[in-house]
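Peer 1: Quick one: this structure, given as structure tokens, is what I'll be asking you about.
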Amino acid sequence: MRRVTRFAAAGIATAALALSATACGASSTQSSGSSSGKSSLKVGIAYDVGGRGDHSFNDSAARGLDKATKEFGGTPKELTAKTTDTDQDREQYLDDLASNGYNPVIAVGFAYANALKAEAPKFPKTTFAIVDSVVPGANIDSMSFATPESSYLAGVAAALKSKTGHIGFIGGVDNALIKGFQAGFQQGVTDTKPSDKVTVQYLSTGSDLSGFSSPDKGASAAAGMLSQGIDVVYSAAGSSGTGSIETVAAKKGAWAIGVDSDQYQDPALAKYKNSILTSAVKNVDVAVFDLIQSIHNGKPLTGNNTYNLANGGVSLATSGGFIKDIQPQLDAVTKKIISGQIKVKQTP
């Protein structure tokens, strides 16, 4: 078993791929691969709802895939879950990829946890991976991200930049994972300015994952917050966050905080970038690339591999220069989190 000991450099270029419908109902894309002929890698990746093009963590995973394909060659296969998918549907996606010789098979999102528990034992020679969940297994790479840490930094930035002292958090789905984003963000705000108020709203609950793929819901939630005098809105809501960003951008003096990817740099959000204060970045691209590289090198990553502030797995984006004036405070807080002087909460 080999665990992560260092990080590959971030800054992976995004490649656009079209999506087409498969017979099983998921979206599917098979790239032409690299013309270099460096390897015969067949990487299978099953995205969560929103898929490639969500401007968030699915896109981050796609960047890692694109970089690996460019560097190592091979022919990847991409599937995307629907909001109506059951565990059995997700099992089928993973089974289809593994049965057709794809290795590794990467499941993007905690919603694949049960499916992976069922499928990984069937294919002991295939390396599986899952983002945002820990699934035991000798052939599984569990990619965990310390998102409360980067969310804490986002909370510090929000508190220092808010003029009203009223700040908003929009969560895609009310579950343990997103509550971690909420917890870190709220703590960052209140530790910085105890008098500031954080209003929280979730777009869906339980097994309803539509909160991750409904920009209209994100827009509506943000509009409601702006009407209450909130002037900084952090959305941890997948592609629903794009609706929030667009709505905040229409309000003079208001700031949006992006999530998972550096959303200031997203070409699809270019017209709104001057309203994106920063983004709490989760470097899924690095984790995906590291796994594929390990397969290429014949030493597959397995076990629970954690990506945090200390090893560069999560961070706060500086694009746009909007937090340059408060960078010394953010740097000081980062050091305290890494040293353990600040204990970041995992739950609200």
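Each chain of the structure tokens is named A, B, ... in the order shown, its residues numbered from 1; ligands are numbered from 1 in display order.
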For stretch 339-342 of chain A, list every protein, DNA or RNA residue within 10 Å, evaluated using only C-alpha atoms, and leave out those in the same chain fewer than 5 positions away; present the list as a list in words.

Peer 2: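 Near stretch 339-342 of chain A, the qualifying residues are Glu149, Asp191, Ala310, Val333 and Thr334 of chain A.
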
Peer 1: Keeping N, CA, C and O atoms for every residue in the selection just given, could you write it to a file as a PDB file, in the first residue's frame?

Peer 2:
ATOM      1  N   GLU A 149     -11.217  23.401   6.366  1.00  0.00           N
ATOM      2  CA  GLU A 149     -10.058  24.286   6.512  1.00  0.00           C
ATOM      3  C   GLU A 149     -10.089  25.416   5.487  1.00  0.00           C
ATOM      4  O   GLU A 149      -9.913  26.598   5.839  1.00  0.00           O
ATOM      5  N   ASP A 191     -14.921  33.763  14.332  1.00  0.00           N
ATOM      6  CA  ASP A 191     -13.622  33.938  14.998  1.00  0.00           C
ATOM      7  C   ASP A 191     -13.006  35.281  14.624  1.00  0.00           C
ATOM      8  O   ASP A 191     -12.259  35.872  15.412  1.00  0.00           O
ATOM      9  N   ALA A 310      -2.013  21.703   4.784  1.00  0.00           N
ATOM     10  CA  ALA A 310      -0.597  21.418   4.995  1.00  0.00           C
ATOM     11  C   ALA A 310       0.083  20.876   3.750  1.00  0.00           C
ATOM     12  O   ALA A 310       1.241  21.222   3.464  1.00  0.00           O
ATOM     13  N   VAL A 333      -3.552  33.072   9.675  1.00  0.00           N
ATOM     14  CA  VAL A 333      -4.556  32.078  10.046  1.00  0.00           C
ATOM     15  C   VAL A 333      -4.191  30.709   9.473  1.00  0.00           C
ATOM     16  O   VAL A 333      -4.329  29.675  10.148  1.00  0.00           O
ATOM     17  N   THR A 334      -3.714  30.689   8.228  1.00  0.00           N
ATOM     18  CA  THR A 334      -3.305  29.428   7.601  1.00  0.00           C
ATOM     19  C   THR A 334      -2.240  28.723   8.433  1.00  0.00           C
ATOM     20  O   THR A 334      -2.320  27.500   8.675  1.00  0.00           O
TER      21      THR A 334
END

Peer 1: Using only C-alpha atoms, which protein or nucleic acid residues come within 12 Å of A:Phe123? Drop anything in the same chain fewer than 5 positions from it, and give the result as a ChimeraX atom specification.

Peer 2: /A:94-105,116-118,128,137-140

Peer 1: How would the residues just chosen look if you wrote them out with N, CA and C atoms as a compact mmCIF listing (two decimals), in the first residue's frame?

Peer 2:
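Result file is selection05.txt:
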# COMPACT_ATOMS: atom_id res chain seq x y z
N LEU A 94 -20.13 1.74 -12.42
CA LEU A 94 -18.81 1.25 -12.02
C LEU A 94 -18.55 -0.14 -12.58
N ASP A 95 -19.57 -0.97 -12.60
CA ASP A 95 -19.43 -2.32 -13.13
C ASP A 95 -19.13 -2.28 -14.62
N ASP A 96 -19.82 -1.41 -15.34
CA ASP A 96 -19.59 -1.29 -16.78
C ASP A 96 -18.15 -0.88 -17.07
N LEU A 97 -17.64 0.06 -16.31
CA LEU A 97 -16.26 0.52 -16.53
C LEU A 97 -15.26 -0.58 -16.21
N ALA A 98 -15.39 -1.20 -15.04
CA ALA A 98 -14.44 -2.23 -14.64
C ALA A 98 -14.53 -3.46 -15.55
N SER A 99 -15.73 -3.85 -15.93
CA SER A 99 -15.91 -5.02 -16.79
C SER A 99 -15.28 -4.83 -18.15
N ASN A 100 -15.19 -3.60 -18.59
CA ASN A 100 -14.61 -3.31 -19.90
C ASN A 100 -13.13 -2.95 -19.83
N GLY A 101 -12.51 -3.28 -18.71
CA GLY A 101 -11.06 -3.16 -18.60
C GLY A 101 -10.53 -1.81 -18.22
N TYR A 102 -11.40 -0.91 -17.78
CA TYR A 102 -10.91 0.41 -17.35
C TYR A 102 -10.26 0.29 -15.98
N ASN A 103 -9.08 0.87 -15.85
CA ASN A 103 -8.30 0.78 -14.61
C ASN A 103 -7.30 1.94 -14.58
N PRO A 104 -7.48 2.89 -13.66
CA PRO A 104 -8.40 2.88 -12.53
C PRO A 104 -9.83 3.26 -12.91
N VAL A 105 -10.74 3.00 -11.97
CA VAL A 105 -12.13 3.46 -12.08
C VAL A 105 -12.35 4.46 -10.95
N LEU A 116 -19.60 1.59 -4.57
CA LEU A 116 -18.21 1.16 -4.57
C LEU A 116 -17.99 -0.01 -3.61
N LYS A 117 -18.66 0.03 -2.47
CA LYS A 117 -18.55 -1.09 -1.52
C LYS A 117 -19.00 -2.39 -2.17
N ALA A 118 -20.00 -2.30 -3.04
CA ALA A 118 -20.52 -3.49 -3.70
C ALA A 118 -19.64 -3.95 -4.86
N PHE A 128 -9.84 1.16 -7.69
CA PHE A 128 -10.94 2.10 -7.66
C PHE A 128 -10.55 3.31 -6.81
N GLY A 137 -11.03 -0.98 1.62
CA GLY A 137 -10.80 -1.97 0.57
C GLY A 137 -9.37 -1.93 0.11
N ALA A 138 -8.79 -3.11 -0.13
CA ALA A 138 -7.38 -3.19 -0.51
C ALA A 138 -7.10 -2.54 -1.86
N ASN A 139 -8.13 -2.41 -2.70
CA ASN A 139 -7.94 -1.85 -4.04
C ASN A 139 -8.66 -0.51 -4.21
N ILE A 140 -8.82 0.22 -3.09
CA ILE A 140 -9.55 1.49 -3.14
C ILE A 140 -8.69 2.65 -2.63

Peer 1: Just the residues within 10 Å of A:Ala61, please, counting only C-alpha atoms, with nothing from its chain fewer than 2 positions along; format it as a list in words.

Peer 2: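 Here the qualifying residues turn out to be Ile45, Tyr47, Gly51, Arg52, Ser56, Phe57, Asn58, Asp59, Arg63, Gly64, Leu65, Asp66, Ile106, Ala107, Val108, Val131, Ser261, Lys282, Asn283, Val284, Asp285, Val286, Ala287, Val288 and Phe289 of chain A.
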
Peer 1: Could you please determine the separation between atom CA of A:Val314 and atom CA of A:Lys217 in Å, to one decimal place?

Peer 2: 26.5 Å

Peer 1: Could you please write out, as number ranges by chain, every residue of stretch 144-256 of chain A that DSSP assigns to alpha helix (DSSP H)?

Peer 2: A: 147-161, 176-192, 215-227, 240-249

Peer 1: With a distance cut-off of 9 Å and only C-alpha atoms, select the neighbouring residues of A:Phe169, excluding the residue or stretch itself and same-chain residues fewer than 6 positions from it, and output the selection as a list of chain:residue names.

Peer 2: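 Result of the neighbour search: A:Gln182, A:Phe185, A:Gln186, A:Val198, A:Thr199, A:Val200, A:Gln201, A:Tyr202, A:Val232, A:Val233, A:Tyr234, A:Ser235, A:Ala236.
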
Peer 1: Any idea what's packed within 12 Å of A:Thr190, counting only C-alpha atoms, ignoring anything in its chain fewer than 2 positions away? Could you give it as a list in words?

Peer 2: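 My list of contacting residues is Tyr152, Leu153, Ala154, Gly155, Val156, Ala157, Ala158, Ala159, Leu160, Gly165, His166, Ile167, Ala183, Gly184, Phe185, Gln186, Gln187, Gly188, Thr192, Lys193, Pro194, Ser195, Asp196, Lys197 and Val198 of chain A.
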
Peer 1: Between A:Phe212, A:Phe322, A:Phe181, A:Phe110, which one has atoms that come closest to A:Val49, using only C-alpha atoms?

Peer 2: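 Among A:Phe212, A:Phe322, A:Phe181, A:Phe110, it is A:Phe212 that comes nearest to A:Val49.
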